[in-house]
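Structure first, commentary second.
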Amino acid sequence: MNMRHSDREIRDKEIIKAILDMCEVIDIGFFDDEYPYVLPVNFGYEYEDDLVFYTHHALDGYKNILVAKNPKVCVMTYKFIGHIYNDYDHSSHDYRSVMAFGEMSFIASDSEDYERAWRALGKSYGHTISDSLFAPEFKARILMAKIVCKPENVVGKAQRNVTSVDQVPFTIK
């Protein structure tokens with residue numbers, strides 16, 4: 001990934017995780033014929049060897065057709081704050097973002113990954129996941145997906161140079 005302001009680039013896994021913990025929604029960009037197709041969704045994630053996003057969807061949908069044609073996607077999320085003073089460049093805004101490229105696949109409802117995906121979603125939002133989500137009648141209505149992103153295809157960015165996890169939260173003056 002090429003970045004014009006390489007001084008704002010973040011590759012540290014722990015800092016990227018701290019940014020993801022601040023964010024509530026990811027935008028997933030799919031390949032479509034003439035224009036990209038972008039869908040905002042809530043998410044859970046795990047970042048061990050690879051960054052893995054988990055999402056839930058309806059059983060039908062245009063995204064399912066697009067993933068079947070080409071599973072490669074772009075994921076983007078950010079947190080933005082405006083009208084503040086920052087020590088870095090005195091601008092009136094600040095942001096933290098993560099962009100990743102990966103491959104999306106759907107998770108079989110009878111696999112271990114299905115429960116893992118729900119638990120990751122719950123953790124992202126501070127919810128305890130009810131066992132009712134694993135009942136056959138519920139599984140028959142919800143499609144779980146995962147997006148696997150290799151570390152070299154994951155990059156964070158911030159308005160100011162963020163070099164440690166404790167610098168991720170915004171400082172408002």
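In the structure tokens, chains take the letters A, B, ... in the order shown, each chain's residues start at 1, and ligands count up from 1 in the order shown.
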Please provide as a CSV table (one decimal) with N, CA and C atoms, in the first residue's frame all residues within 7 Å of stretch 153-165 of chain A, with the sequence filter that same-chain residues fewer than 6 positions apart are discarded (counting only C-alpha atoms).
chain,number,residue,atom,x,y,z
A,7,ASP,N,4.8,9.3,7.0
A,7,ASP,CA,5.0,9.6,8.4
A,7,ASP,C,3.7,9.4,9.3
A,8,ARG,N,2.6,9.2,8.6
A,8,ARG,CA,1.3,9.0,9.4
A,8,ARG,C,1.0,7.5,9.4
A,9,GLU,N,1.8,6.7,8.7
A,9,GLU,CA,1.5,5.3,8.5
A,9,GLU,C,1.7,4.5,9.9
A,10,ILE,N,0.8,3.6,10.1
A,10,ILE,CA,0.9,2.7,11.3
A,10,ILE,C,0.9,1.3,10.9
A,11,ARG,N,1.9,0.5,11.3
A,11,ARG,CA,1.9,-0.9,11.0
A,11,ARG,C,1.9,-1.7,12.3
A,14,GLU,N,-0.5,-3.8,17.7
A,14,GLU,CA,-1.2,-3.3,19.0
A,14,GLU,C,-1.9,-2.0,18.8
A,15,ILE,N,-1.3,-1.1,18.1
A,15,ILE,CA,-1.9,0.2,17.8
A,15,ILE,C,-3.1,0.1,16.9
A,16,ILE,N,-2.9,-0.8,15.8
A,16,ILE,CA,-4.1,-1.0,14.9
A,16,ILE,C,-5.2,-1.6,15.7
A,18,ALA,N,-5.9,-1.1,18.8
A,18,ALA,CA,-6.5,-0.1,19.7
A,18,ALA,C,-7.4,0.9,18.8
A,88,TYR,N,0.5,18.4,16.8
A,88,TYR,CA,1.2,17.9,15.7
A,88,TYR,C,1.3,19.0,14.5
A,94,ASP,N,-8.6,15.6,13.8
A,94,ASP,CA,-7.7,14.5,14.0
A,94,ASP,C,-8.5,13.3,13.7
A,95,TYR,N,-7.8,12.2,13.3
A,95,TYR,CA,-8.4,11.0,13.0
A,95,TYR,C,-7.5,9.8,13.2
A,96,ARG,N,-8.1,8.6,13.3
A,96,ARG,CA,-7.4,7.3,13.3
A,96,ARG,C,-8.1,6.5,12.3
A,97,SER,N,-7.4,5.7,11.5
A,97,SER,CA,-8.1,4.9,10.5
A,97,SER,C,-7.3,3.6,10.3
A,98,VAL,N,-8.0,2.6,9.8
A,98,VAL,CA,-7.4,1.3,9.4
A,98,VAL,C,-8.0,1.0,8.1
A,99,MET,N,-7.1,0.6,7.1
A,99,MET,CA,-7.5,0.1,5.8
A,99,MET,C,-6.8,-1.3,5.7
A,100,ALA,N,-7.6,-2.2,5.1
A,100,ALA,CA,-7.1,-3.6,4.9
A,100,ALA,C,-7.7,-4.2,3.6
A,101,PHE,N,-6.9,-5.0,3.0
A,101,PHE,CA,-7.3,-5.8,1.8
A,101,PHE,C,-7.3,-7.2,2.2
Give me the residues within 12 Å of A:Gly61 as a PDB file with C-alpha atoms, in the first residue's frame, counting only C-alpha atoms and dropping any in the same chain fewer than 5 places off.
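Result file is out-v3.pdb:
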ATOM      1  CA  LEU A  39     -21.469  -1.654   2.421  1.00  0.00           C
ATOM      2  CA  HIS A  56     -23.218 -10.913   9.877  1.00  0.00           C
ATOM      3  CA  LEU A  66     -20.312 -10.140  -5.674  1.00  0.00           C
ATOM      4  CA  VAL A  67     -18.330 -12.311  -3.229  1.00  0.00           C
ATOM      5  CA  ALA A  68     -19.092 -15.381  -5.341  1.00  0.00           C
ATOM      6  CA  ILE A 142     -28.264 -15.300   9.543  1.00  0.00           C
ATOM      7  CA  LEU A 143     -25.184 -15.561   7.361  1.00  0.00           C
TER       8      LEU A 143
END
### Task
Find the spatial neighbours of A:Val52, counting only C-alpha atoms, within a cut-off of 7 Å - ignore same-chain residues fewer than 2 positions away - and output them as JSON, numbers by chain.
{"A": [45, 46, 47, 50, 54, 146, 147, 148, 149]}
I need the residues from that last selection saved to file as a CSV table (one decimal), in the first residue's frame (with N, CA and C atoms), if you can.
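Okay, result_0.csv is ready:
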chain,number,residue,atom,x,y,z
A,45,TYR,N,-13.6,-8.7,15.4
A,45,TYR,CA,-12.3,-9.0,14.8
A,45,TYR,C,-11.4,-9.8,15.7
A,46,GLU,N,-10.4,-10.4,15.2
A,46,GLU,CA,-9.3,-11.0,15.9
A,46,GLU,C,-8.0,-10.7,15.1
A,47,TYR,N,-6.9,-10.4,15.8
A,47,TYR,CA,-5.7,-10.1,15.1
A,47,TYR,C,-4.6,-10.8,15.8
A,50,ASP,N,-3.1,-13.2,11.2
A,50,ASP,CA,-3.8,-12.4,10.2
A,50,ASP,C,-4.8,-11.5,11.0
A,54,TYR,N,-15.1,-10.3,11.3
A,54,TYR,CA,-16.3,-11.1,11.3
A,54,TYR,C,-17.5,-10.1,11.2
A,146,LYS,N,-16.4,-14.0,7.2
A,146,LYS,CA,-15.1,-13.6,7.7
A,146,LYS,C,-14.3,-13.0,6.6
A,147,ILE,N,-13.5,-12.0,6.9
A,147,ILE,CA,-12.5,-11.4,5.9
A,147,ILE,C,-11.2,-11.6,6.5
A,148,VAL,N,-10.3,-12.3,5.8
A,148,VAL,CA,-9.0,-12.6,6.2
A,148,VAL,C,-8.0,-11.7,5.5
A,149,CYS,N,-7.3,-10.9,6.3
A,149,CYS,CA,-6.3,-9.9,5.8
A,149,CYS,C,-4.9,-10.2,6.3
### Message
Under the rule that only C-alpha atoms are counted, which of A:Asp32, A:Pro136, A:Lys123, A:His93 is the nearest residue to A:Ile81?
### Response
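That would be A:His93, the residue with the smallest distance to A:Ile81.
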### Message
Using DSSP assignments from the backbone, pull out every residue in stretch 47-102 of chain A that falls under strand (DSSP E or B) and give it to me as a ChimeraX atom specification.
### Response
/A:47,51-58,72-82,93-102
### Task
Find, counting only C-alpha atoms, the residue in A:Phe80, A:Phe30, A:Tyr62, A:Phe53 that gets nearest to A:Ala145.
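Residue with the minimum atom-to-atom distance to A:Ala145: A:Phe53.
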### Summary
Closest of A:Phe106, A:Ser111, A:Asp27, A:Ala120 to A:His57, counting only C-alpha atoms, is A:Phe106
### Message
From the options A:Gly44, A:Gly102, A:Gly29, A:Pro169, which residue's atoms come nearest to A:Arg116, counting only C-alpha atoms?
### Response
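Among the listed residues, A:Gly44 lies closest to A:Arg116.
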### Members of chain A assigned alpha helix (DSSP H) by DSSP, as a ChimeraX atom specification
/A:13-22,62-69,112-125,136-139
So that I can check the surroundings of A:Asp33, please list as a compact mmCIF listing (two decimals) with C-alpha atoms, in the first residue's frame every protein, DNA and RNA residue that reaches within 12 Å of it, counting only C-alpha atoms and ignoring chain neighbours fewer than 6 positions away.
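part-v9.txt, freshly written:
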# COMPACT_ATOMS: atom_id res chain seq x y z
CA ILE A 65 -23.35 -12.43 -5.60
CA LEU A 66 -20.31 -10.14 -5.67
CA LYS A 69 -17.67 -13.56 -8.39
CA ASN A 70 -14.65 -12.11 -6.60
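Take atom CA of A:Glu152 and atom CA of A:Tyr125: the distance between them is 26.8 Å.
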